[in-house]
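Enquirer: Take a look at input_23.txt, compact mmCIF, C-alpha atoms:
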# COMPACT_ATOMS: atom_id res chain seq x y z
CA MET S 1 -21.28 12.59 -9.90
CA TRP S 2 -17.58 12.20 -10.69
CA ALA S 3 -17.35 15.24 -12.96
CA LEU S 4 -18.88 17.21 -10.15
CA LEU S 5 -16.40 15.87 -7.62
CA VAL S 6 -13.47 16.71 -9.88
CA LEU S 7 -14.78 20.27 -10.23
CA ILE S 8 -15.40 20.86 -6.60
CA GLY S 9 -12.17 19.17 -5.57
CA ALA S 10 -11.18 17.37 -2.44
CA ALA S 11 -12.68 19.97 -0.12
CA ALA S 12 -16.08 18.70 -1.21
CA VAL S 13 -14.92 15.13 -0.88
CA SER S 14 -13.81 15.92 2.64
CA ALA S 15 -17.24 17.39 3.39
CA HIS S 16 -18.86 14.41 1.69
CA LEU S 17 -16.90 12.00 3.86
CA GLN S 18 -18.12 13.85 6.94
CA ASP S 19 -21.54 12.33 6.33
CA LEU S 20 -19.98 9.04 7.28
CA ALA S 21 -20.25 7.60 10.73
CA PHE S 22 -16.64 7.97 11.89
CA ASP S 23 -17.51 10.54 14.51
CA GLY S 24 -16.31 9.39 17.91
CA GLN S 25 -14.64 6.25 16.56
CA LYS S 26 -11.32 5.59 18.24
CA VAL S 27 -8.12 3.84 17.25
CA PHE S 28 -6.42 2.00 20.11
CA ARG S 29 -2.89 0.69 20.37
CA VAL S 30 -2.39 -2.25 22.72
CA ILE S 31 0.65 -4.37 23.48
CA PRO S 32 -0.48 -7.74 24.86
CA GLN S 33 2.19 -9.08 27.21
CA ASN S 34 1.25 -12.76 27.18
CA ASP S 35 -1.06 -15.37 25.67
CA GLU S 36 -3.78 -14.52 28.17
CA GLN S 37 -3.86 -10.91 26.98
CA VAL S 38 -3.81 -12.03 23.35
CA GLU S 39 -6.89 -14.08 24.21
CA ILE S 40 -8.58 -10.98 25.68
CA ILE S 41 -8.08 -9.13 22.39
CA SER S 42 -9.38 -12.13 20.43
CA SER S 43 -12.54 -12.35 22.51
CA LEU S 44 -13.02 -8.60 22.19
CA ALA S 45 -12.86 -8.95 18.40
CA SER S 46 -15.31 -11.85 18.38
CA ASN S 47 -17.83 -9.93 20.50
CA MET S 48 -17.88 -6.70 18.51
CA GLN S 49 -16.83 -5.21 15.21
CA VAL S 50 -13.13 -4.42 15.41
CA ASP S 51 -11.14 -3.15 12.42
CA PHE S 52 -7.52 -4.25 12.76
CA TRP S 53 -5.06 -1.78 11.26
CA GLN S 54 -1.84 -3.43 12.39
CA PRO S 55 -1.59 -6.42 12.06
CA ASP S 56 -4.47 -6.73 9.62
CA SER S 57 -6.15 -9.66 11.33
CA VAL S 58 -6.80 -10.70 14.93
CA THR S 59 -5.38 -14.16 14.15
CA LEU S 60 -1.93 -12.59 13.74
CA VAL S 61 -1.84 -10.99 17.19
CA ARG S 62 1.04 -12.29 19.33
CA PRO S 63 2.47 -11.37 22.75
CA LYS S 64 4.66 -8.21 22.82
CA MET S 65 3.30 -7.14 19.42
CA GLN S 66 2.05 -3.61 18.83
CA VAL S 67 -1.61 -3.92 17.83
CA ASP S 68 -3.64 -1.03 16.37
CA PHE S 69 -7.40 -1.36 15.94
CA ARG S 70 -10.45 0.82 15.34
CA VAL S 71 -13.75 0.52 17.22
CA GLU S 72 -17.19 2.03 16.73
CA ALA S 73 -18.02 5.16 18.74
CA ASP S 74 -20.66 3.47 20.89
CA LYS S 75 -18.25 0.70 21.87
CA SER S 76 -15.17 2.77 22.67
CA PHE S 77 -15.85 3.24 26.41
CA GLU S 78 -16.69 -0.44 26.77
CA VAL S 79 -13.39 -1.36 25.09
CA GLU S 80 -11.44 1.05 27.26
CA ASP S 81 -13.02 -0.33 30.45
CA LEU S 82 -12.27 -3.89 29.40
CA LEU S 83 -8.62 -3.10 28.63
CA LYS S 84 -8.22 -1.28 31.97
CA GLU S 85 -9.88 -4.10 33.92
CA SER S 86 -7.79 -6.81 32.33
CA GLY S 87 -4.57 -4.82 32.73
CA VAL S 88 -3.74 -4.74 29.01
CA GLU S 89 -1.34 -1.90 28.25
CA TYR S 90 -3.03 0.51 25.83
CA ARG S 91 -3.22 4.03 24.53
CA VAL S 92 -5.64 5.90 22.31
CA LEU S 93 -3.85 6.64 19.04
CA ILE S 94 -6.71 8.52 17.42
CA ASP S 95 -9.35 9.96 19.70
CA ASN S 96 -11.87 10.90 17.02
CA LEU S 97 -11.46 9.30 13.63
CA GLN S 98 -13.72 11.82 11.91
CA ALA S 99 -11.46 14.68 13.02
CA ALA S 100 -8.41 12.79 11.72
CA LEU S 101 -10.25 12.13 8.47
CA ASP S 102 -11.07 15.82 7.98
CA ALA S 103 -7.51 16.79 8.93
CA GLN S 104 -6.10 14.67 6.08
CA PHE S 105 -7.01 17.41 3.65
CA ASP S 106 -4.59 19.96 5.10
CA SER S 107 -2.66 20.62 1.90
CA LYS S 108 -2.42 24.21 0.71
CA ALA S 109 -3.00 23.01 -2.85
CA ARG S 110 -6.78 23.30 -2.95
CA ILE S 111 -7.10 23.23 -6.71
CA ALA S 112 -9.71 21.19 -8.50
CA THR S 113 -7.21 19.64 -10.92
CA HIS S 114 -4.54 17.04 -10.31
CA SER S 115 -1.93 17.86 -7.68
CA TYR S 116 1.08 15.84 -6.54
CA GLU S 117 0.72 17.21 -3.04
CA LYS S 118 -2.84 16.18 -2.37
CA TYR S 119 -4.86 13.01 -2.58
CA ASN S 120 -6.48 12.65 -5.99
CA ASN S 121 -9.64 10.67 -6.66
CA TRP S 122 -9.59 7.98 -9.34
CA GLU S 123 -11.16 10.17 -12.03
CA THR S 124 -8.36 12.70 -11.57
CA ILE S 125 -5.64 10.01 -11.56
CA ALA S 126 -7.03 8.40 -14.73
CA ALA S 127 -7.01 11.76 -16.54
CA TRP S 128 -3.49 12.40 -15.26
CA THR S 129 -2.20 9.10 -16.75
CA ALA S 130 -3.41 10.25 -20.17
CA ASN S 131 -1.95 13.74 -19.76
CA ILE S 132 1.47 12.71 -18.52
CA ALA S 133 1.84 10.30 -21.46
CA ALA S 134 0.63 12.92 -23.97
CA GLN S 135 3.00 15.56 -22.60
CA ASN S 136 6.06 13.27 -22.53
CA PRO S 137 5.70 11.02 -25.59
CA ASP S 138 9.41 10.21 -25.80
CA LEU S 139 9.51 9.07 -22.18
CA VAL S 140 6.04 7.81 -21.16
CA SER S 141 3.42 5.61 -22.79
CA ARG S 142 0.13 4.37 -21.38
CA SER S 143 -1.57 1.03 -21.89
CA VAL S 144 -4.46 -0.90 -20.36
CA ILE S 145 -3.53 -4.23 -18.79
CA GLY S 146 -7.04 -5.31 -17.84
CA LYS S 147 -10.33 -4.24 -16.35
CA THR S 148 -11.43 -4.24 -12.74
CA TYR S 149 -14.40 -6.17 -11.39
CA GLU S 150 -16.58 -3.07 -11.88
CA GLY S 151 -15.24 -2.55 -15.41
CA ARG S 152 -12.70 0.24 -14.92
CA PRO S 153 -9.62 0.16 -17.17
CA MET S 154 -6.35 -0.57 -15.37
CA TYR S 155 -3.86 1.95 -16.71
CA LEU S 156 -0.16 1.11 -16.76
CA LEU S 157 2.52 3.69 -17.51
CA LYS S 158 5.76 2.61 -19.16
CA MET S 159 8.64 4.99 -18.64
CA GLY S 160 12.07 5.06 -20.26
CA LYS S 161 13.92 6.11 -23.39
CA SER S 162 13.31 3.63 -26.17
CA GLY S 163 16.23 1.31 -26.80
CA PRO S 164 16.96 -2.32 -27.69
CA ASN S 165 16.80 -5.18 -25.15
CA LYS S 166 16.00 -3.05 -22.15
CA LYS S 167 15.35 -4.68 -18.80
CA ALA S 168 12.57 -3.34 -16.60
CA ILE S 169 11.42 -2.67 -13.06
CA PHE S 170 7.74 -3.10 -12.20
CA MET S 171 6.17 -0.96 -9.50
CA ASP S 172 2.58 -0.90 -8.28
CA CYS S 173 0.59 1.13 -5.77
CA GLY S 174 -2.89 1.04 -4.29
CA PHE S 175 -3.34 -2.66 -3.45
CA HIS S 176 -5.31 -1.84 -0.32
CA ALA S 177 -7.94 0.80 -0.96
CA ARG S 178 -7.54 2.85 2.20
CA GLU S 179 -3.74 3.26 1.88
CA TRP S 180 -4.02 6.59 0.06
CA ILE S 181 -0.36 7.58 0.43
CA SER S 182 0.55 4.62 -1.80
CA PRO S 183 -0.98 5.85 -5.12
CA ALA S 184 0.34 9.32 -4.23
CA PHE S 185 3.85 7.88 -4.36
CA CYS S 186 3.41 6.21 -7.77
CA GLN S 187 2.24 9.55 -9.17
CA TRP S 188 5.16 11.36 -7.55
CA PHE S 189 7.65 8.86 -8.95
CA VAL S 190 6.39 9.42 -12.49
CA LYS S 191 6.55 13.21 -12.02
CA GLU S 192 10.13 13.02 -10.75
CA ALA S 193 11.16 10.80 -13.64
CA VAL S 194 9.87 13.18 -16.31
CA GLU S 195 10.93 16.37 -14.52
CA THR S 196 14.47 15.31 -13.63
CA TYR S 197 15.33 13.36 -16.80
CA GLY S 198 18.33 15.11 -18.36
CA LYS S 199 19.02 16.99 -15.11
CA ASP S 200 19.57 14.33 -12.46
CA SER S 201 22.36 11.98 -13.55
CA VAL S 202 21.03 8.92 -11.68
CA MET S 203 17.47 9.27 -12.99
CA THR S 204 18.75 9.97 -16.51
CA THR S 205 20.91 6.84 -16.48
CA LEU S 206 18.07 4.76 -15.07
CA LEU S 207 15.61 5.87 -17.77
CA ASN S 208 18.18 5.50 -20.54
CA ARG S 209 19.08 1.97 -19.54
CA LEU S 210 15.92 0.59 -17.89
CA ASP S 211 12.18 0.76 -18.40
CA PHE S 212 9.83 1.33 -15.48
CA TYR S 213 6.32 -0.07 -15.50
CA VAL S 214 4.18 1.88 -13.04
CA LEU S 215 0.66 0.80 -12.07
CA PRO S 216 -0.64 3.83 -10.13
CA VAL S 217 -3.62 2.01 -8.56
CA LEU S 218 -4.21 -1.74 -8.64
CA ASN S 219 -7.42 -1.88 -6.57
CA ILE S 220 -9.27 0.89 -8.40
CA ASP S 221 -12.81 -0.18 -7.41
CA GLY S 222 -11.83 -0.26 -3.75
CA TYR S 223 -10.08 3.10 -4.06
CA VAL S 224 -13.17 4.68 -5.60
CA TYR S 225 -15.25 3.21 -2.77
CA THR S 226 -13.00 4.87 -0.15
CA TRP S 227 -13.82 8.24 -1.77
CA THR S 228 -17.55 7.69 -2.10
CA ASN S 229 -18.72 5.33 0.65
CA ASP S 230 -16.24 4.11 3.23
CA ARG S 231 -12.82 5.69 3.76
CA MET S 232 -11.72 2.58 5.69
CA TRP S 233 -12.43 0.04 2.93
CA ARG S 234 -9.49 -2.28 2.21
CA LYS S 235 -10.43 -5.08 -0.20
CA THR S 236 -11.60 -5.31 -3.82
CA ARG S 237 -15.31 -4.89 -4.59
CA SER S 238 -16.08 -8.28 -6.13
CA LYS S 239 -19.09 -10.32 -5.06
CA ASN S 240 -18.45 -13.57 -3.20
CA ALA S 241 -20.58 -16.62 -3.99
CA GLY S 242 -22.74 -17.67 -1.06
CA SER S 243 -21.88 -14.62 1.01
CA SER S 244 -23.26 -11.11 1.37
CA CYS S 245 -19.74 -9.87 2.23
CA ILE S 246 -17.94 -8.06 -0.55
CA GLY S 247 -14.35 -8.21 -1.71
CA THR S 248 -11.09 -10.10 -1.49
CA ASP S 249 -7.77 -8.94 -0.09
CA PRO S 250 -5.75 -8.61 -3.32
CA ASN S 251 -2.51 -9.08 -1.39
CA ARG S 252 -3.61 -12.53 -0.22
CA ASN S 253 -4.79 -13.56 -3.69
CA PHE S 254 -1.53 -14.62 -5.36
CA ASN S 255 -0.31 -18.16 -5.77
CA ALA S 256 2.43 -17.97 -3.15
CA GLY S 257 1.55 -20.31 -0.29
CA TRP S 258 -2.00 -19.21 -1.10
CA CYS S 259 -4.43 -19.15 1.84
CA THR S 260 -2.15 -20.95 4.25
CA ILE S 261 -0.84 -18.58 6.94
CA GLY S 262 -2.05 -15.07 7.78
CA ALA S 263 -4.91 -15.25 5.28
CA SER S 264 -8.55 -16.09 5.84
CA LYS S 265 -10.94 -18.42 4.03
CA LYS S 266 -13.91 -16.35 5.26
CA PRO S 267 -15.28 -13.82 2.74
CA CYS S 268 -16.22 -11.39 5.54
CA ASP S 269 -12.65 -11.13 6.83
CA PRO S 270 -10.33 -8.29 5.79
CA THR S 271 -7.64 -10.82 4.82
CA TYR S 272 -9.94 -13.06 2.75
CA CYS S 273 -7.77 -14.89 0.23
CA GLY S 274 -10.44 -15.21 -2.47
CA SER S 275 -12.03 -18.33 -3.94
CA ALA S 276 -8.79 -19.30 -5.72
CA PRO S 277 -5.39 -17.75 -6.53
CA GLU S 278 -5.89 -14.85 -8.96
CA SER S 279 -9.68 -15.05 -8.54
CA GLU S 280 -9.68 -11.23 -8.67
CA LYS S 281 -9.58 -9.61 -12.11
CA GLU S 282 -7.09 -7.06 -10.80
CA THR S 283 -4.56 -9.56 -9.46
CA LYS S 284 -4.92 -11.74 -12.55
CA ALA S 285 -4.22 -8.76 -14.84
CA LEU S 286 -1.09 -7.95 -12.86
CA ALA S 287 0.10 -11.56 -12.77
CA ASP S 288 -0.59 -12.04 -16.49
CA PHE S 289 1.39 -8.93 -17.37
CA ILE S 290 4.38 -9.97 -15.30
CA ARG S 291 4.30 -13.52 -16.67
CA GLU S 292 4.31 -12.12 -20.21
CA HIS S 293 7.29 -9.89 -19.39
CA LEU S 294 9.29 -12.25 -17.18
CA SER S 295 12.31 -12.15 -19.47
CA THR S 296 12.63 -8.38 -19.00
CA VAL S 297 11.24 -7.60 -15.51
CA LYS S 298 14.19 -7.82 -13.11
CA ALA S 299 12.73 -6.14 -10.03
CA TYR S 300 9.31 -5.86 -8.47
CA LEU S 301 8.37 -3.07 -6.05
CA THR S 302 4.99 -2.85 -4.36
CA VAL S 303 4.00 0.13 -2.23
CA HIS S 304 1.72 -0.09 0.81
CA SER S 305 1.18 1.74 4.09
CA TYR S 306 1.64 2.12 7.01
CA SER S 307 4.48 1.25 9.47
CA GLN S 308 7.75 2.34 7.80
CA LEU S 309 9.06 -1.01 6.67
CA LEU S 310 11.07 -2.28 3.74
CA LEU S 311 10.25 -5.95 3.33
CA PHE S 312 11.42 -8.72 1.06
CA PRO S 313 10.48 -12.43 0.75
CA TYR S 314 9.28 -14.46 2.33
CA SER S 315 6.02 -13.68 4.05
CA TYR S 316 4.27 -17.03 3.52
CA THR S 317 7.08 -19.00 5.15
CA TYR S 318 9.84 -18.38 7.66
CA LYS S 319 12.25 -19.93 5.16
CA LEU S 320 14.78 -17.38 3.92
CA PRO S 321 15.12 -16.56 0.20
CA LEU S 322 18.19 -17.91 -1.60
CA ASN S 323 19.77 -14.47 -1.97
CA TYR S 324 18.83 -13.40 1.57
CA GLU S 325 22.19 -11.73 2.29
CA GLU S 326 21.96 -9.68 -0.88
CA LEU S 327 18.33 -8.61 -0.35
CA ASN S 328 19.05 -7.75 3.27
CA SER S 329 22.03 -5.57 2.36
CA ILE S 330 20.02 -3.78 -0.38
CA ALA S 331 17.19 -3.16 2.11
CA ARG S 332 19.67 -1.90 4.72
CA ALA S 333 21.31 0.52 2.27
CA ALA S 334 17.98 1.68 0.81
CA SER S 335 16.58 2.33 4.32
CA LYS S 336 19.69 4.36 5.10
CA GLU S 337 19.21 6.40 1.92
CA LEU S 338 15.58 7.00 2.84
CA ALA S 339 16.52 8.17 6.34
CA SER S 340 19.16 10.58 5.01
CA LEU S 341 16.54 13.19 4.14
CA TYR S 342 14.21 13.52 7.15
CA ASN S 343 15.67 10.90 9.46
CA THR S 344 12.60 8.67 9.01
CA LYS S 345 13.46 5.30 10.50
CA TYR S 346 12.53 2.16 8.57
CA THR S 347 12.73 -1.42 9.77
CA TYR S 348 13.75 -3.95 7.10
CA GLY S 349 13.84 -7.71 6.70
CA PRO S 350 11.87 -10.71 5.44
CA GLY S 351 8.12 -10.14 5.72
CA ALA S 352 7.32 -13.08 8.01
CA THR S 353 9.72 -11.98 10.73
CA ALA S 354 9.84 -8.19 10.21
CA ILE S 355 6.05 -7.76 10.33
CA TYR S 356 3.99 -10.99 10.43
CA PRO S 357 3.42 -14.06 8.27
CA ALA S 358 0.99 -13.58 5.39
CA ALA S 359 0.45 -15.91 2.46
CA GLY S 360 -0.57 -14.96 -1.07
CA GLY S 361 1.36 -11.70 -1.36
CA SER S 362 2.45 -10.24 -4.69
CA ASP S 363 6.10 -9.79 -3.62
CA ASP S 364 6.55 -13.47 -2.71
CA TRP S 365 4.77 -14.48 -5.90
CA ALA S 366 7.00 -12.26 -8.06
CA TYR S 367 10.11 -13.63 -6.33
CA ASP S 368 8.95 -17.21 -6.91
CA GLN S 369 8.49 -16.34 -10.60
CA GLY S 370 12.23 -15.72 -10.72
CA ILE S 371 12.32 -11.96 -10.09
CA LYS S 372 15.32 -11.82 -7.77
CA TYR S 373 14.76 -8.30 -6.48
CA SER S 374 11.31 -8.11 -4.91
CA PHE S 375 10.46 -5.53 -2.23
CA THR S 376 7.44 -4.21 -0.35
CA PHE S 377 7.43 -0.70 1.04
CA GLU S 378 5.18 0.17 3.98
CA LEU S 379 5.24 3.97 3.92
CA ARG S 380 4.67 6.49 6.73
CA ASP S 381 3.75 6.63 9.45
CA THR S 382 4.03 4.34 12.48
CA GLY S 383 0.46 4.87 13.68
CA ARG S 384 -0.01 8.47 14.78
CA TYR S 385 -2.22 8.96 11.70
CA GLY S 386 -2.15 5.43 10.24
CA PHE S 387 -4.18 5.37 7.02
CA MET S 388 -5.14 9.03 7.58
CA LEU S 389 -1.72 10.48 6.76
CA PRO S 390 -2.27 14.23 6.21
CA GLU S 391 -1.64 15.68 2.77
CA SER S 392 1.11 17.90 4.22
CA GLN S 393 3.15 14.68 4.59
CA ILE S 394 2.77 13.56 0.96
CA LYS S 395 5.76 15.55 -0.29
CA PRO S 396 8.27 14.52 2.42
CA THR S 397 7.06 10.91 2.32
CA CYS S 398 7.46 10.74 -1.45
CA GLU S 399 10.81 12.55 -1.46
CA GLU S 400 12.38 10.13 1.00
CA THR S 401 10.83 7.04 -0.60
CA LEU S 402 12.14 8.15 -3.99
CA LEU S 403 15.71 7.99 -2.62
CA ALA S 404 15.23 4.36 -1.61
CA VAL S 405 13.59 3.42 -4.93
CA LYS S 406 16.39 5.08 -6.90
CA TYR S 407 18.95 3.22 -4.80
CA ILE S 408 17.27 -0.14 -5.47
CA ALA S 409 16.81 0.62 -9.19
CA ASN S 410 20.45 1.61 -9.55
CA TYR S 411 21.55 -1.55 -7.76
CA VAL S 412 19.40 -3.65 -10.07
CA LEU S 413 20.88 -1.87 -13.10
CA GLU S 414 24.38 -2.74 -11.90
CA HIS S 415 23.44 -6.36 -11.17
CA LEU S 416 21.34 -7.36 -14.18
CA TYR S 417 20.86 -11.07 -14.59
Render the structure in this file as C-alpha cells.

Expert:
Amino acid sequence: MWALLVLIGAAAVSAHLQDLAFDGQKVFRVIPQNDEQVEIISSLASNMQVDFWQPDSVTLVRPKMQVDFRVEADKSFEVEDLLKESGVEYRVLIDNLQAALDAQFDSKARIATHSYEKYNNWETIAAWTANIAAQNPDLVSRSVIGKTYEGRPMYLLKMGKSGPNKKAIFMDCGFHAREWISPAFCQWFVKEAVETYGKDSVMTTLLNRLDFYVLPVLNIDGYVYTWTNDRMWRKTRSKNAGSSCIGTDPNRNFNAGWCTIGASKKPCDPTYCGSAPESEKETKALADFIREHLSTVKAYLTVHSYSQLLLFPYSYTYKLPLNYEELNSIARAASKELASLYNTKYTYGPGATAIYPAAGGSDDWAYDQGIKYSFTFELRDTGRYGFMLPESQIKPTCEETLLAVKYIANYVLEHLY
C-alpha cells in the first residue's frame, strides 16, 4: 500500500482522502460574550460530536475567547440555528471541509518523491531522513531513539560539525497528527542547514558551535493515520485499557503538572492525558533522550499549529518562570524577526495566559528539567485554513519560522550556561 502511495504521490492521497466523510462539514468560529454563552457551547458539545480546533477542549472555553470547532455535515444547520437563536456571535470559517482538504494539495511540485514544498507522507519522510544523512555525512547523522506504539522507528537527525564539548538544541515536530505544517518545518530546517552551511554566516556559526537534534515527527502512528484514515486525527494510536477509544494526547502526557488543568482523564477526549506520565512510547522515548543529554541540551523547541503564537513556560500554572523577563524578550525579538519577512503577526507569552492553561506539555517538562530556553511555536495560520494550510503556504511559513529559530539559536549560543 505504502509503496504504491509513494509512487502515485500526494495527488492520489488527496483523491484517497476524498472518500472520507468531510463533505459538507463546517468549521465555525464563535466568540462567547459571557458565562451563559459559554454554557450554550458546552451543552452543544455534550449533545453532539464537536471537534474543537481552538482551544482543543470545550472545558477551556471562556468568555471573549475565539473558539473554532468542526461539526458533522448533518448537524451544521442545527448548530447554526442554535447559535442564531441564542445570539452567540459566530461566523463560518470553513464552509465545506472536504473542499478545504482537497485544496491543501495546491503545490506545483506534483512529483512522487520527497519535496520540501509539499506535504510528505511518513514513508517519504523516513526515506528522506536516510538520504539527507547519507548525502551530508560530515553534517548530519541519523539514529533511532525508540519505536512507536505500532512499531515504527523514531528517527532523530543530529546536525552540526563534529567538535569537542558541543552544546545542543533539541527541536521536534509532529506532536499532533493533523498539524501537517509542523513536520514540513522540521524538514525545511534540515534542508536550510545543509544547503546554507558555508554560505550563510549565522547558520555556519551555529552548526560549527552547536549541535541540533531534530525529530521530524514524534507522533508517527497518528501522522500515518491522518494520511490513510482520518485527516483530522490528533492523538497517538495506542489502545486504552477499559475503553474502545484510541490514543493519548502526547502533549498532555509529560510529567509537568500532569493531568491537572486543561487535560482530560477520559480516554475518548482529544486532550486525554494518558494512564500515567510518559505512558506513550513516543513521549517516553523523547523524555529518555533528553534526560540522557541534559548536560548538553540547552534549548528545547517544539513546533505545532495553528494560531501564530510563540509560547514559553508555563502552561500548567499561571506562575511565571524564573527567567520570565529573558524568555519574554527573546520571544518578542524572535516574533519581530519572523514578521520581518511577510509581516506575519505572532502573539507571544507564557502558554497559560497567551493561549490557555494545559498541563503535561513537553515545553514545561523540558523547562522543569533545567532547560532554560524552552519554546513552543504555533505556526500559521489564525484559522482561515486551520489544520488545512495549503501547500502553497509551506515555503513562506517555513522561511519566516526559520528566521525566528535562527534568532533563538543564536541567542542561546551567546548565552550558554

Enquirer: Could you produce a table of the residues of segment 290-355 of chain S lying within 12 Å of segment 169-192 of chain S, with the nearest pair of atoms per residue and their separation in Å rounded to one decimal, using all atoms listed in the file, ordered by chain and increasing residue number, as a tab-separated table?

Expert:
residue	atom	partner	partner_atom	distance
S:Ile290	CA	S:Phe170	CA	8.3
S:Arg291	CA	S:Phe170	CA	11.8
S:His293	CA	S:Phe170	CA	9.9
S:Leu294	CA	S:Phe170	CA	10.5
S:Ser295	CA	S:Ile169	CA	11.5
S:Thr296	CA	S:Ile169	CA	8.3
S:Val297	CA	S:Ile169	CA	5.5
S:Lys298	CA	S:Ile169	CA	5.8
S:Ala299	CA	S:Ile169	CA	4.8
S:Tyr300	CA	S:Phe170	CA	4.9
S:Leu301	CA	S:Met171	CA	4.6
S:Thr302	CA	S:Asp172	CA	5.0
S:Val303	CA	S:Cys173	CA	5.0
S:His304	CA	S:Ser182	CA	5.5
S:Ser305	CA	S:Glu179	CA	5.6
S:Tyr306	CA	S:Glu179	CA	7.5
S:Ser307	CA	S:Glu179	CA	11.4

Enquirer: Compare S:Ala193, S:Ile371, S:Ala100, S:Leu207 by their minimum atom-to-atom distance to Glu391 of chain S, counting all atoms listed in the file, and give me the closest one.

Expert: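 Ranked by minimum distance to Glu391 of chain S, first place goes to S:Ala100.
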
Enquirer: Please indicate the distance in Å from atom CA of Gln393 of chain S to atom CA of Thr113 of chain S, rounded to one decimal place.

Expert: 19.3 Å

Enquirer: Rank S:Trp258, S:Tyr346, S:Tyr356, S:Phe105 by their smallest atom-to-atom distance to Val58 of chain S, using only C-alpha atoms, and report the top residue only.

Expert: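 The shortest atom-to-atom distance to Val58 of chain S comes from S:Tyr356.
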
Enquirer: Which protein, DNA or RNA residues have an atom at most 12 Å from (16.8, 2.6, -10.9), counting all atoms listed in the file? List them as a ChimeraX atom specification.

Expert: /S:159-160,167-171,189,193,201-213,298-301,334,373,402-416

Enquirer: Hey, can you spit out that residue selection with C-alpha atoms as a PDB file, in the frame of the given file?

Expert:
ATOM      1  CA  MET S 159       8.640   4.990 -18.640  1.00  0.00           C
ATOM      2  CA  GLY S 160      12.070   5.060 -20.260  1.00  0.00           C
ATOM      3  CA  LYS S 167      15.350  -4.680 -18.800  1.00  0.00           C
ATOM      4  CA  ALA S 168      12.570  -3.340 -16.600  1.00  0.00           C
ATOM      5  CA  ILE S 169      11.420  -2.670 -13.060  1.00  0.00           C
ATOM      6  CA  PHE S 170       7.740  -3.100 -12.200  1.00  0.00           C
ATOM      7  CA  MET S 171       6.170  -0.960  -9.500  1.00  0.00           C
ATOM      8  CA  PHE S 189       7.650   8.860  -8.950  1.00  0.00           C
ATOM      9  CA  ALA S 193      11.160  10.800 -13.640  1.00  0.00           C
ATOM     10  CA  SER S 201      22.360  11.980 -13.550  1.00  0.00           C
ATOM     11  CA  VAL S 202      21.030   8.920 -11.680  1.00  0.00           C
ATOM     12  CA  MET S 203      17.470   9.270 -12.990  1.00  0.00           C
ATOM     13  CA  THR S 204      18.750   9.970 -16.510  1.00  0.00           C
ATOM     14  CA  THR S 205      20.910   6.840 -16.480  1.00  0.00           C
ATOM     15  CA  LEU S 206      18.070   4.760 -15.070  1.00  0.00           C
ATOM     16  CA  LEU S 207      15.610   5.870 -17.770  1.00  0.00           C
ATOM     17  CA  ASN S 208      18.180   5.500 -20.540  1.00  0.00           C
ATOM     18  CA  ARG S 209      19.080   1.970 -19.540  1.00  0.00           C
ATOM     19  CA  LEU S 210      15.920   0.590 -17.890  1.00  0.00           C
ATOM     20  CA  ASP S 211      12.180   0.760 -18.400  1.00  0.00           C
ATOM     21  CA  PHE S 212       9.830   1.330 -15.480  1.00  0.00           C
ATOM     22  CA  TYR S 213       6.320  -0.070 -15.500  1.00  0.00           C
ATOM     23  CA  LYS S 298      14.190  -7.820 -13.110  1.00  0.00           C
ATOM     24  CA  ALA S 299      12.730  -6.140 -10.030  1.00  0.00           C
ATOM     25  CA  TYR S 300       9.310  -5.860  -8.470  1.00  0.00           C
ATOM     26  CA  LEU S 301       8.370  -3.070  -6.050  1.00  0.00           C
ATOM     27  CA  ALA S 334      17.980   1.680   0.810  1.00  0.00           C
ATOM     28  CA  TYR S 373      14.760  -8.300  -6.480  1.00  0.00           C
ATOM     29  CA  LEU S 402      12.140   8.150  -3.990  1.00  0.00           C
ATOM     30  CA  LEU S 403      15.710   7.990  -2.620  1.00  0.00           C
ATOM     31  CA  ALA S 404      15.230   4.360  -1.610  1.00  0.00           C
ATOM     32  CA  VAL S 405      13.590   3.420  -4.930  1.00  0.00           C
ATOM     33  CA  LYS S 406      16.390   5.080  -6.900  1.00  0.00           C
ATOM     34  CA  TYR S 407      18.950   3.220  -4.800  1.00  0.00           C
ATOM     35  CA  ILE S 408      17.270  -0.140  -5.470  1.00  0.00           C
ATOM     36  CA  ALA S 409      16.810   0.620  -9.190  1.00  0.00           C
ATOM     37  CA  ASN S 410      20.450   1.610  -9.550  1.00  0.00           C
ATOM     38  CA  TYR S 411      21.550  -1.550  -7.760  1.00  0.00           C
ATOM     39  CA  VAL S 412      19.400  -3.650 -10.070  1.00  0.00           C
ATOM     40  CA  LEU S 413      20.880  -1.870 -13.100  1.00  0.00           C
ATOM     41  CA  GLU S 414      24.380  -2.740 -11.900  1.00  0.00           C
ATOM     42  CA  HIS S 415      23.440  -6.360 -11.170  1.00  0.00           C
ATOM     43  CA  LEU S 416      21.340  -7.360 -14.180  1.00  0.00           C
TER      44      LEU S 416
END

Enquirer: Report the distance between atom CA of Ile330 of chain S and atom CA of Gly351 of chain S in Å, rounded to one decimal place.

Expert: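 Computing the Euclidean distance for atom CA of Ile330 of chain S and atom CA of Gly351 of chain S yields 14.8 Å.
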
Enquirer: By how many Å are atom CA of Leu310 of chain S and atom CA of Ile125 of chain S apart?

Expert: 25.8 Å

Enquirer: The centre and edge lengths of an axis-aligned box containing all atoms of segment 322-338 of chain S present in the file, extended by 4 Å on each side, are to be given in Å to one decimal, as JSON.

Expert:
{"center_x": 18.9, "center_y": -5.5, "center_z": 1.6, "size_x": 14.6, "size_y": 32.9, "size_z": 15.1}

Enquirer: Starting from the point (-7.3, -7.8, -4.9), work out which residues of protein, DNA or RNA have an atom no more than 8 Å away when counting only C-alpha atoms; state them as a ChimeraX atom specification.

Expert: /S:175-176,218-219,235-236,247-253,280-283

Enquirer: I'd like the neighbourhood of Val30 of chain S as a PyMOL selection string, where a residue qualifies if any of its atoms comes within 6 Å (using all atoms listed in the file), though same-chain residues fewer than 5 positions away should be ignored.

Expert: chain S and resi 67+89-90

Enquirer: Write out the residues from the selection above, keeping C-alpha atoms, as a CSV table (one decimal), in the coordinates of the input.

Expert:
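Result file follows (again.csv):
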chain,number,residue,atom,x,y,z
S,67,VAL,CA,-1.6,-3.9,17.8
S,89,GLU,CA,-1.3,-1.9,28.2
S,90,TYR,CA,-3.0,0.5,25.8

Enquirer: Determine the nearest neighbour of Thr129 of chain S from the options S:Ser107, S:Leu379, S:Lys158, S:Phe289, counting only C-alpha atoms.

Expert: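 Using only C-alpha atoms, the shortest distance to Thr129 of chain S belongs to S:Lys158.
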